[in-house]
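J.: Starting off with a structure, shown below.
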Amino acid sequence: MLSPHRRYFAILAFALLATPLIVGLFRPDSPELILREGRMLAPAPQAPRSLEALRAFPGEADAYLKDHFGLRQTMIHTQRDLSHPVLYGNEKALIGRDGRMFYLGRDMVRQSAGLVLRDQKVADAADMLAEMHGALSRRGASLLVAVAPNSSTIYQDDLPLWAQKQGRKTEYDLFLADLAARGIKTVDLRPVMENARADREAYLMHDTHWTARSAVLAFNAVAEADGHPDWRLDPQSSIGPPAERKGGDVARIIGVEDEVSEAVQELALPPGGKSQDLSPGPMPDWVLSSGRPGPTIMVIGDSFTASYFPPMLAQHVGRAIWLNHRECGFDWNWIDKLQPDEVWWMPTERFLICDQGVRPLNFAGSGEARSPVVGGTSPD
């Protein structure tokens, strides 16, 4: 017999162990939470009917129980909060050791560290690009993929130990490997940004975005990989003098945008030609016509390329088009209408995978398409 005080501990221990099982029976987590992790829900194990099935049964049962016990998401979030404290910030951002600010939304920091690895969603994005590559090839156009790295990918040593990669494979690694297996031309911009950082700041201190100089270096790397080494721009003459800039998108999220500033250099190129917005909104699709003969280049990306790449392209091409990536929900009709010679797929690393159910609109090769949800306060 147990002593009275040990009985209470035994009852408490039993209650703690039984609670997830009971909640899992009567109020389990939604299966959609598993799908958001980029994988399929483990199926219920079947009664073994062979020796081989009997050997596999424990593993199948274990996988099923891991996906179906109650309070699963609550426990995962609690464990993350206890074992992965930030240096300073809130649930959407943190400040690293040298004062650099990192966005925590869309699992950006965990993605850079290889702590989130959504294999199926990465493969789905690669499959979609393979379909696009085929459709573009049939009309005589080419596709090149270059992903702008997260700031947390480049400034690993500014992050707490839990957020550092430490040799783990990341979604960026998987994505490049999947595209290479499908015969799609890619440019790994991580070494470019590492080299940029070795010379001076590659990303803004209080913002998710890279500097204008880094944008120029990324453009040069993409242009050269695409067979246009003569399009390279001089980083020194392409950007203006430093000027003070207050705040930043991450500083705004933390609530200190009026308290921080840094010296920033902006792109300083001659006028590229005549511009025209193709869609409404704060970050519209747009085209820049140089008025000179040359190819039509389309960049599909986000705020990392929106204001940078069309002016840089317009120094050399006939038309430079920028389309909002929209988490893979851009409108394919613009490709049909504008007939680009080359398409550069350039989302930021945190937008590397498509949002759930989102594919290019009006693209027959992608199946049923759905527009992404627009809005929110997170960085673009």
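Ordering of the structure tokens sets the chain letters (A, B, ...); residue numbers start at 1 within each chain; ligands are numbered from 1 in the order shown.
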Do you know which residues are at most 12 Å from A:Ser289 counting only C-alpha atoms, after dropping those on the same chain fewer than 2 positions away, and could you put them as a short mmCIF file (atom, residue, chain, number, x, y, z; two decimals) with C-alpha atoms, in the first residue's frame?
T.:
```cif
data_model
loop_
_atom_site.label_atom_id
_atom_site.label_comp_id
_atom_site.auth_asym_id
_atom_site.auth_seq_id
_atom_site.Cartn_x
_atom_site.Cartn_y
_atom_site.Cartn_z
CA PRO A 271 14.76 56.59 -65.26
CA GLY A 272 13.98 53.25 -66.83
CA GLY A 273 11.15 54.34 -69.08
CA LYS A 274 7.38 54.47 -68.93
CA SER A 275 5.70 52.61 -66.07
CA GLN A 276 2.13 51.30 -65.90
CA ASP A 277 0.28 49.61 -63.06
CA TRP A 286 3.38 46.67 -63.00
CA VAL A 287 5.35 46.96 -66.22
CA GLY A 291 11.43 52.21 -75.28
CA ARG A 292 14.43 50.32 -76.62
CA PRO A 293 14.51 46.96 -78.41
CA GLY A 294 15.13 43.96 -76.24
CA PRO A 295 13.52 40.96 -74.56
CA THR A 296 10.58 41.03 -72.16
CA ILE A 297 11.55 39.78 -68.70
CA MET A 298 8.93 39.00 -66.07
CA PRO A 310 12.17 46.36 -62.91
CA PRO A 311 14.42 49.49 -62.85
CA LEU A 313 16.17 45.26 -65.84
CA ALA A 314 15.01 48.34 -67.73
CA GLN A 315 18.64 49.39 -68.20
CA HIS A 316 19.00 46.49 -70.65
CA VAL A 317 15.63 45.07 -71.81
CA GLY A 318 12.62 46.22 -73.78
CA ARG A 319 10.05 45.55 -71.05
CA ALA A 320 10.43 44.63 -67.40
CA ILE A 321 7.32 43.19 -65.74
CA TRP A 322 6.83 42.58 -62.04
CA LEU A 338 2.31 40.05 -72.12
#
```
J.: For A:Arg110, which of A:Ser137, A:Thr153, A:Ser303, A:Ser238 is the closest residue, counting only C-alpha atoms?
T.: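 Closest candidate: A:Thr153.
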J.: Give me, as CSV, each residue of stretch 197-313 of chain A that comes within 12 Å of stretch 341-355 of chain A, together with its shortest interatomic pair and the distance in Å at one decimal, counting only C-alpha atoms, with rows ordered by chain and rising residue number.
T.:
```
residue,atom,partner,partner_atom,distance
A:Thr208,CA,A:Thr348,CA,10.1
A:His209,CA,A:Thr348,CA,9.4
A:Trp210,CA,A:Thr348,CA,10.4
A:Ala215,CA,A:Met346,CA,11.8
A:Ala218,CA,A:Met346,CA,10.5
A:Phe219,CA,A:Trp344,CA,10.6
A:Val222,CA,A:Trp344,CA,8.6
A:Ala223,CA,A:Trp344,CA,9.8
A:Ala225,CA,A:Trp344,CA,11.3
A:Asp226,CA,A:Glu342,CA,9.2
A:Gly227,CA,A:Glu342,CA,11.3
A:His228,CA,A:Glu342,CA,11.7
A:Gly294,CA,A:Asp341,CA,9.8
A:Pro295,CA,A:Asp341,CA,6.1
A:Thr296,CA,A:Asp341,CA,5.3
A:Ile297,CA,A:Glu342,CA,5.0
A:Met298,CA,A:Val343,CA,4.8
A:Val299,CA,A:Trp344,CA,4.7
A:Ile300,CA,A:Trp345,CA,5.0
A:Gly301,CA,A:Pro347,CA,4.5
A:Asp302,CA,A:Pro347,CA,5.8
A:Ser303,CA,A:Thr348,CA,8.5
A:Phe304,CA,A:Thr348,CA,7.0
A:Thr305,CA,A:Met346,CA,7.7
A:Ala306,CA,A:Met346,CA,10.2
A:Phe309,CA,A:Met346,CA,10.3
A:Pro310,CA,A:Trp344,CA,11.6
A:Leu313,CA,A:Trp344,CA,11.5
```
J.: Show me, as a Markdown table, the residues of stretch 76-165 of chain A having an atom within 6 Å of stretch 176-187 of chain A, each with the closest atom pair and its distance in Å, using only C-alpha atoms.
T.:
```
| residue | atom | partner | partner_atom | distance |
| --- | --- | --- | --- | --- |
| A:Ala126 | CA | A:Leu179 | CA | 5.8 |
| A:Leu144 | CA | A:Lys185 | CA | 5.2 |
| A:Val145 | CA | A:Thr186 | CA | 4.7 |
| A:Ala146 | CA | A:Val187 | CA | 4.9 |
```
J.: Would you mind telling me which residue in A:Asp119, A:Asp230, A:Asp258, A:Glu91 lies nearest to A:Lys169 when using only C-alpha atoms?
T.: A:Asp119
J.: Give the alpha helix (DSSP H) residues of stretch 30-230 of chain A, as assigned by DSSP on the backbone, as number ranges by chain.
T.: A: 31-35, 51-68, 72-83, 108-113, 119-138, 151-154, 171-181, 190-199, 212-225
J.: With only C-alpha atoms as the basis for distance, which of A:Pro379, A:Gly240, A:Gly114, A:Pro45 is at the shortest distance from A:Tyr172?
T.: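 With only C-alpha atoms as the atom set, the closest residue is A:Gly114.
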J.: Excluding same-chain residues fewer than 6 positions from A:Arg168, what lies within 10 Å of it counting only C-alpha atoms, as a VMD selection string?
T.: chain A and resid 112 to 115 117
J.: Those same residues - N, CA, C and O atoms - I'd like them written as a short mmCIF file (atom, residue, chain, number, x, y, z; two decimals), in the first residue's frame.
T.:
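File produced: selection37.cif:
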```
data_model
loop_
_atom_site.label_atom_id
_atom_site.label_comp_id
_atom_site.auth_asym_id
_atom_site.auth_seq_id
_atom_site.Cartn_x
_atom_site.Cartn_y
_atom_site.Cartn_z
N SER A 112 14.63 28.84 -41.28
CA SER A 112 16.06 29.02 -41.53
C SER A 112 16.92 28.05 -40.73
O SER A 112 18.01 27.67 -41.16
N ALA A 113 16.42 27.67 -39.55
CA ALA A 113 17.17 26.76 -38.68
C ALA A 113 16.94 25.29 -39.02
O ALA A 113 17.58 24.42 -38.43
N GLY A 114 16.06 25.00 -39.95
CA GLY A 114 15.74 23.61 -40.27
C GLY A 114 14.86 22.95 -39.23
O GLY A 114 14.75 21.72 -39.20
N LEU A 115 14.20 23.75 -38.38
CA LEU A 115 13.32 23.21 -37.34
C LEU A 115 11.92 22.92 -37.88
O LEU A 115 11.14 22.22 -37.23
N LEU A 117 10.28 21.51 -41.49
CA LEU A 117 10.67 20.91 -42.76
C LEU A 117 9.42 20.30 -43.40
O LEU A 117 9.11 19.12 -43.20
#
```
J.: Run DSSP on the backbone of this structure and report the residues of stretch 115-171 of chain A it assigns to strand (DSSP E), as an MDAnalysis selection string.
T.: chainID A and resid 142:147
J.: Filtering to N, CA and C atoms, could you give me those residues as a compact mmCIF listing (two decimals), in the first residue's frame?
T.:
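Result file result29.txt:
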```txt
# COMPACT_ATOMS: atom_id res chain seq x y z
N SER A 142 11.56 30.85 -71.11
CA SER A 142 12.35 30.10 -70.13
C SER A 142 11.92 30.47 -68.71
N LEU A 143 12.30 29.61 -67.76
CA LEU A 143 12.01 29.83 -66.35
C LEU A 143 13.29 29.70 -65.55
N LEU A 144 13.51 30.63 -64.64
CA LEU A 144 14.63 30.57 -63.71
C LEU A 144 14.09 30.85 -62.31
N VAL A 145 14.59 30.10 -61.33
CA VAL A 145 14.13 30.24 -59.94
C VAL A 145 15.29 30.72 -59.08
N ALA A 146 15.06 31.81 -58.33
CA ALA A 146 16.06 32.34 -57.40
C ALA A 146 15.32 32.85 -56.17
N VAL A 147 15.55 32.22 -55.04
CA VAL A 147 14.83 32.57 -53.81
C VAL A 147 15.69 33.49 -52.95
```
